[in-house]
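**Student:** My questions will all concern the structure given below.
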There are 6 protein chains.
Amino acid sequence: MNLLLINPNTTQAMTDALGQAARAVAAPGTVVTAVQPSFGPASIEGFFDEAVAAAGVAEQMRHAPAHDAVVIACFGDPGLDAAREASTGPVLGVAEAAFHAASLVSTGFSVVTTMTRTCVIAEHLLHKYGFERRCRGVHGTDIPVLALEDGGLACLPQIEAAAREALARDRSGAIVLGCAGMAGLCHTLQARLGVPVIDGVSAAVKLAEGLVGLGLGSSKQGDYAPPLPKRYAGWAAPLGW
Amino acid sequence: MNLLLINPNTTQAMTDALGQAARAVAAPGTVVTAVQPSFGPASIEGFFDEAVAAAGVAEQMRHAPAHDAVVIACFGDPGLDAAREASTGPVLGVAEAAFHAASLVSTGFSVVTTMTRTCVIAEHLLHKYGFERRCRGVHGTDIPVLALEDGGLACLPQIEAAAREALARDRSGAIVLGCAGMAGLCHTLQARLGVPVIDGVSAAVKLAEGLVGLGLGSSKQGDYAPPLPKRYAGWAAPLGW
Amino acid sequence: MNLLLINPNTTQAMTDALGQAARAVAAPGTVVTAVQPSFGPASIEGFFDEAVAAAGVAEQMRHAPAHDAVVIACFGDPGLDAAREASTGPVLGVAEAAFHAASLVSTGFSVVTTMTRTCVIAEHLLHKYGFERRCRGVHGTDIPVLALEDGGLACLPQIEAAAREALARDRSGAIVLGCAGMAGLCHTLQARLGVPVIDGVSAAVKLAEGLVGLGLGSSKQGDYAPPLPKRYAGWAAPLGW
Amino acid sequence: MNLLLINPNTTQAMTDALGQAARAVAAPGTVVTAVQPSFGPASIEGFFDEAVAAAGVAEQMRHAPAHDAVVIACFGDPGLDAAREASTGPVLGVAEAAFHAASLVSTGFSVVTTMTRTCVIAEHLLHKYGFERRCRGVHGTDIPVLALEDGGLACLPQIEAAAREALARDRSGAIVLGCAGMAGLCHTLQARLGVPVIDGVSAAVKLAEGLVGLGLGSSKQGDYAPPLPKRYAGWAAPLGW
Amino acid sequence: MNLLLINPNTTQAMTDALGQAARAVAAPGTVVTAVQPSFGPASIEGFFDEAVAAAGVAEQMRHAPAHDAVVIACFGDPGLDAAREASTGPVLGVAEAAFHAASLVSTGFSVVTTMTRTCVIAEHLLHKYGFERRCRGVHGTDIPVLALEDGGLACLPQIEAAAREALARDRSGAIVLGCAGMAGLCHTLQARLGVPVIDGVSAAVKLAEGLVGLGLGSSKQGDYAPPLPKRYAGWAAPLGW
Amino acid sequence: MNLLLINPNTTQAMTDALGQAARAVAAPGTVVTAVQPSFGPASIEGFFDEAVAAAGVAEQMRHAPAHDAVVIACFGDPGLDAAREASTGPVLGVAEAAFHAASLVSTGFSVVTTMTRTCVIAEHLLHKYGFERRCRGVHGTDIPVLALEDGGLACLPQIEAAAREALARDRSGAIVLGCAGMAGLCHTLQARLGVPVIDGVSAAVKLAEGLVGLGLGSSKQGDYAPPLPKRYAGWAAPLGW
């Protein structure tokens, strides 16, 4: 199957790293294509960044090569619903995927994320998806997203410490890594912490494969029906339907 | 005070009408400037349209002239949180404003909106804002947004019928008009239905004036702190902070 | 417009102070009349006080001079629904008004109130109105209400300290002052804390003006329909409809 | 044990009937004293009536003869929290008691009440107490409360029909009678409908006996601590603590 | 009336103690018969124990002697819904009973239980029953259930300390003892703590008596209708209907 | 990988059919072993059946051959938490799996199940897992489970009709089949209805493969820690840890 991975920010190194992380867990027959918008922020650390990045996801969906499934590889899941409208295959956000996976292996999980100011974005998503009771805490580390660009090894001790404190304080049984850039630290952290540690990118890839295997795609009836035909102005003209 | 009204779609006639609707209720000292993005959909009738329109709101916020408050004049409140990050004054979405006003004059209200497919967008907002118990029903009429461009008088009977049915079936005491384009029908409907009928654009203008009068603006601590400085790529380069 | 402000307790100095606080933010054309019940507790610091005070609000509503809007100036919003039944104009509670305003300028707020034992009253209101997710904490200071009678300057340090701790612990972006008697401290606190600080009395006045400007009043269909005609016994005989 | 039953309205015939209903289910050693306020509405059919009636409950609590438990015999549970502050014994509202009993014998129940306009009062209580998921529907019959004064036999067919429809439409397994005046119809309805039918007055009496048997009374720590000493003005002067 | 008390574990000493605890609060006419399954765990300290114990409750219900009401005497309420299907009388779980009683005497309560790992079981029950807002905290003491077999006096100081901390930290007004084995400590703790302390076994007995007194039993319409006739295999063959 | 599929009922033909359904979607390397308890009901159509079946799941977990993941193939997810305690690999319930899959391809789904009386079981699960907002309706068809034993083709028209009505009335975009016995009808229904139709058995198999691929298993810290060592009595003696 062809899997389109969209990195919503415009940092090529991050796109490459995300593509690699996806390929590392993909099944043998899964071909991963990693893309990024032609415009937008170098990283996503707040609502403003996210609003522009979501339009970048829409742009990539509009011109996406043929694919069987899509993964949106930023923990805020920007443009997720828009991408589902634009696709007949399944579309997964990495926060969403991580929350689903964590719910299946624990009675309660904690999220360890980057900037404290983005915690509220995670909380909104948890509520929107229905995981507000399963998630027992969202914790910021105030590590800038781009500090994770090279794999994030230097941040490992800080993240591990935050995870240990979260497990104890929240009485939770699993950790969700709240930034796509932390993917590379997942296995090391799981080994050290002794509980399931979930990276959303990997989780989204496996869920996407599973849904394709089930013959399931985004519902085209009702809320995710294809966008209505209309004129788009300015740089967005080619996005019109 | 200076009030910036952003029409998130790119239909100039709609922008003009929204500006007029805002001026019709504005206090004597309130100067309304109505703008629209330089790009994006002619109307917003789904998640894809909305994702691009939210970036348009971000664009307008970035280059907005000096203002004391902002109103985002589309019932999906696209880009609302982003605009709050980008502003020190209050920023109001029209759906949000309408829900607040309706909650203050009834124990339960119904929403009458345009396309049925957008009902879920309204439901998401109701839940995000905490009005899921106060709102007793969201009803689609499947009137296209642009059919309301000329004021919507032709659609009045259909909207009135939908409102009457909603009041009876939902046991509610007020009607929220679920599209900024219905603003012009508000008073007629209120007179005919005998219950409060709330147009979000008017509500947002008055709430914005009230907040400015209270000396309140978007919190700059925590979640709405100004966007972090970073590089934006492509057409969005000028949006970087 | 004529604004009727009802202080639900029977302390004249408090009524005068509340009237002044209301006039301080009222628009030029707004005439504020401040009244208090002919009976009931000198202050409201629990459920028993509140039950009697709510009847006092009902009494004042029954014989109220002509008015365009009503504000009930006690943070427990006693008699709010009763007053709406008895009025065709909008009726605002100060807790309700403060919660609405705080929700429009922050993603999460904290309440700093007087007696710890009244926190549960605030929590009930937050839940009733739908702000249980927007409010991130309710904090008692155990300052007696009447200690605020003279403006509360002596209590400022204690309130400021409680607010600072609330902001940090709750990860919130705004403070709601949980007692009508704290109105005079609002601006000073906002200046010191650097976040929006909301006084319910001011917020209620501006919301009331806004609703009147929108032509909106308490719904007379359904739950807020006028009281049914019936006999009232004892001192309450003149309250019958 | 001594059980104080407070009828919050001022219709003596209703007080007598409620006392009788209570005695009919009371254990041999339970002495029921039925009282009513010295003031207030002849019946309670809305928020305004209720606000004055709650003060009447407070009045009766303040001067109540020695008692072991209290029942507030109106389906809106007016003054319940105030009465708990004023008592060391358990205090039961009849709506609350009925909801508890219904929850113990069914997975979901329906409420059949009098005026449709009071449905929202029942819904507020259901939410406050936590039964919003257990209750599957609140249904008004628009029978005036005083039509039930003589036992309500004439209203039986209407109530039975409403109950049957509620059971079918709500997929519920029990009926709560939403008015203290329907007490006398409970057994007949249960026999006819073949499901548990709960009258709140009876339920409150048995719950009160049970709590007294357990040595449990209203918590005097925190929210239900005795009212603070203070001056009460006007007719309420003797209510001060 | 005949009350069947089922101890879901297979420790005879515990069954005897529970029977005694029940008789200690039972009304004069109540005859308590205490039974235990013929199979299953010696104590219940997790989901696996509980799953087998619930089948034990089903076994006892299937062959139960004639009875008017049933109490399931383990704080996880194992098999409660199954037992209701199998009975026309009321069936009470001790956790459920304790939560109901605590809700009637406080605005918020805390649970003090045994193993921390069972806290999530209590949380599931609180949510299922609708007490998630009334309960302000669930606290594990990590006392093994069987350490309470002899009455638990040795554990009193540890439980008292946990209760005191819970009252303070949770701002709650009552304590629910989260293990049927703590029944004997209830009165001592209530005396020492000065707040209502609720033992579920006692509470369930009094609620059961109350429901029988009201003529209420498990609804036989809908969800609790008798089990459908069918073949059961293996040791469970005699359980078939 | 080795996948253990547990059919919680004791009908061998159902076990065989479920095994086949699982193998039909399993990845090439997945070996499915289908087992059933040595005791218990021939089908599960209520709480009583379910309580005994959950113990059957526990029995099978205790003596399960080496496996990498477990699927519990009954729509009530009996014994799910118990099985997670007893396993280091992931354990999936088919209702849970179906709800997760449906949430990823629609903004709202409907459940079409067998006996109306089991709807409440589905509703409890939806609430426990957090899907109460995503699921827009649970609909019974009153088809007996064993009528589906031969594949259920005869029931197809009835199920299709119920699904169509559910989609329209609930405004939902996907259908979850609420019985493991409906697995064989999934593809036909999806083709006819034009929306995603989710069979829980298939969904559970693919989710299990995905979690194993991610290196995730049931958390052994906290709530799913292995059962504590203890004596089990009677037929259950070999289940003790």
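Lettering and numbering for the structure tokens are positional, with chains as A, B, ... in the shown order, residues counted from 1 in each chain, and ligands counted from 1 in the shown order.
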Which of segment 42-234 of chain B end up as strand (DSSP E) when DSSP is run on this backbone - answer as a short mmCIF file (atom, residue, chain, number, x, y, z; two decimals) with C-alpha atoms, in the first residue's frame?
**Tutor:**
```cif
data_model
loop_
_atom_site.label_atom_id
_atom_site.label_comp_id
_atom_site.auth_asym_id
_atom_site.auth_seq_id
_atom_site.Cartn_x
_atom_site.Cartn_y
_atom_site.Cartn_z
CA ALA B 69 -11.09 44.14 19.14
CA VAL B 70 -11.64 41.54 16.44
CA VAL B 71 -14.70 39.67 15.24
CA ILE B 72 -14.34 36.55 13.08
CA VAL B 91 -11.27 38.34 19.70
CA LEU B 92 -14.77 36.99 19.24
CA GLY B 93 -16.08 34.24 17.04
CA PHE B 109 -31.53 27.04 22.65
CA SER B 110 -31.57 25.48 19.19
CA VAL B 111 -29.25 26.21 16.29
CA VAL B 112 -30.64 26.54 12.77
CA THR B 113 -27.85 26.40 10.25
CA CYS B 135 -27.89 23.70 23.13
CA ARG B 136 -30.77 21.30 22.65
CA GLY B 137 -30.39 20.66 18.93
CA VAL B 138 -28.52 21.64 15.76
CA HIS B 139 -30.60 21.63 12.61
CA GLY B 140 -29.48 21.84 8.99
CA ALA B 174 -34.31 30.67 21.77
CA ILE B 175 -32.91 30.29 18.27
CA VAL B 176 -29.31 30.80 17.19
CA LEU B 177 -28.87 31.52 13.49
CA GLY B 178 -26.04 29.27 12.40
CA VAL B 197 -33.33 35.02 17.88
CA ILE B 198 -29.59 35.51 17.99
CA ASP B 199 -27.38 36.54 15.11
CA TYR B 232 7.66 30.88 7.74
CA ALA B 233 8.18 29.50 4.24
#
```
**Student:** Pick out the chain D residues within 9 Å of chain C. Count only C-alpha atoms. Give them as a ChimeraX atom specification.
**Tutor:** /D:10,37-43,45-59,78-86,116-121,124,127-128,222-228,230-237,239-240
**Student:** Under the rule of at most 7 Å, produce a per-residue listing of segment 166-228 of chain A near segment 96-107 of chain F: chain, number, name, the closest pair of atoms, and the distance in Å, as a tab-separated table, using only C-alpha atoms.
**Tutor:**
```
residue	atom	partner	partner_atom	distance
A:Gly217	CA	F:Val105	CA	5.9
A:Ser218	CA	F:Val105	CA	4.3
A:Ser219	CA	F:Ser106	CA	5.5
A:Asp223	CA	F:Thr107	CA	6.7
```
**Student:** Take the residues that were just selected and, keeping N, CA and C atoms, output them as a PDB file, in the first residue's frame.
**Tutor:**
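The result, written out as part06.pdb:
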```
ATOM      1  N   GLY A 217     -12.240   3.172   4.820  1.00  0.00           N
ATOM      2  CA  GLY A 217     -11.731   4.491   4.480  1.00  0.00           C
ATOM      3  C   GLY A 217     -12.621   5.547   5.086  1.00  0.00           C
ATOM      4  N   SER A 218     -12.234   6.797   4.940  1.00  0.00           N
ATOM      5  CA  SER A 218     -13.033   7.899   5.492  1.00  0.00           C
ATOM      6  C   SER A 218     -14.443   7.859   4.922  1.00  0.00           C
ATOM      7  N   SER A 219     -15.426   7.915   5.785  1.00  0.00           N
ATOM      8  CA  SER A 219     -16.818   7.885   5.353  1.00  0.00           C
ATOM      9  C   SER A 219     -17.087   9.033   4.385  1.00  0.00           C
ATOM     10  N   ASP A 223     -20.558  14.057   7.217  1.00  0.00           N
ATOM     11  CA  ASP A 223     -19.607  15.092   7.616  1.00  0.00           C
ATOM     12  C   ASP A 223     -18.312  15.063   6.823  1.00  0.00           C
TER      13      ASP A 223
END
```
**Student:** Enumerate, as number ranges by chain, the complete set of residues in segment 103-177 of chain D that a backbone-based DSSP assignment places in helix (DSSP H, G or I).
**Tutor:** D: 103-105, 116-129, 145-148, 153-170
**Student:** Would you save the residues from that selection as an mmCIF file, in the first residue's frame, using C-alpha atoms?
**Tutor:**
```cif
data_model
loop_
_atom_site.group_PDB
_atom_site.id
_atom_site.type_symbol
_atom_site.label_atom_id
_atom_site.label_comp_id
_atom_site.auth_asym_id
_atom_site.auth_seq_id
_atom_site.Cartn_x
_atom_site.Cartn_y
_atom_site.Cartn_z
ATOM 1 C CA SER D 103 -31.285 4.009 39.987
ATOM 2 C CA LEU D 104 -31.179 0.992 42.268
ATOM 3 C CA VAL D 105 -33.886 -0.982 40.479
ATOM 4 C CA THR D 116 -43.811 20.979 31.047
ATOM 5 C CA ARG D 117 -42.189 24.206 32.157
ATOM 6 C CA THR D 118 -40.872 22.473 35.281
ATOM 7 C CA CYS D 119 -39.055 19.811 33.261
ATOM 8 C CA VAL D 120 -35.972 21.977 33.187
ATOM 9 C CA ILE D 121 -35.999 22.142 36.990
ATOM 10 C CA ALA D 122 -35.965 18.345 37.076
ATOM 11 C CA GLU D 123 -33.179 18.306 34.504
ATOM 12 C CA HIS D 124 -31.091 20.693 36.598
ATOM 13 C CA LEU D 125 -31.533 18.434 39.616
ATOM 14 C CA LEU D 126 -30.691 15.296 37.661
ATOM 15 C CA HIS D 127 -27.502 16.945 36.546
ATOM 16 C CA LYS D 128 -26.615 18.332 39.939
ATOM 17 C CA TYR D 129 -27.062 14.932 41.563
ATOM 18 C CA VAL D 145 -50.209 20.773 40.711
ATOM 19 C CA LEU D 146 -53.409 21.737 42.515
ATOM 20 C CA ALA D 147 -55.442 19.353 40.322
ATOM 21 C CA LEU D 148 -53.633 16.648 42.274
ATOM 22 C CA LEU D 153 -57.418 9.919 40.670
ATOM 23 C CA ALA D 154 -58.999 11.961 37.887
ATOM 24 C CA CYS D 155 -55.560 12.426 36.346
ATOM 25 C CA LEU D 156 -54.609 8.744 36.497
ATOM 26 C CA PRO D 157 -55.393 7.900 32.848
ATOM 27 C CA GLN D 158 -53.364 10.859 31.596
ATOM 28 C CA ILE D 159 -50.415 10.019 33.806
ATOM 29 C CA GLU D 160 -50.568 6.336 32.905
ATOM 30 C CA ALA D 161 -50.590 7.159 29.204
ATOM 31 C CA ALA D 162 -47.609 9.476 29.582
ATOM 32 C CA ALA D 163 -45.757 6.791 31.535
ATOM 33 C CA ARG D 164 -46.384 4.119 28.912
ATOM 34 C CA GLU D 165 -45.152 6.380 26.168
ATOM 35 C CA ALA D 166 -42.087 7.307 28.202
ATOM 36 C CA LEU D 167 -41.168 3.668 28.857
ATOM 37 C CA ALA D 168 -41.379 2.849 25.168
ATOM 38 C CA ARG D 169 -39.708 5.927 23.745
ATOM 39 C CA ASP D 170 -36.946 6.168 26.359
#
```
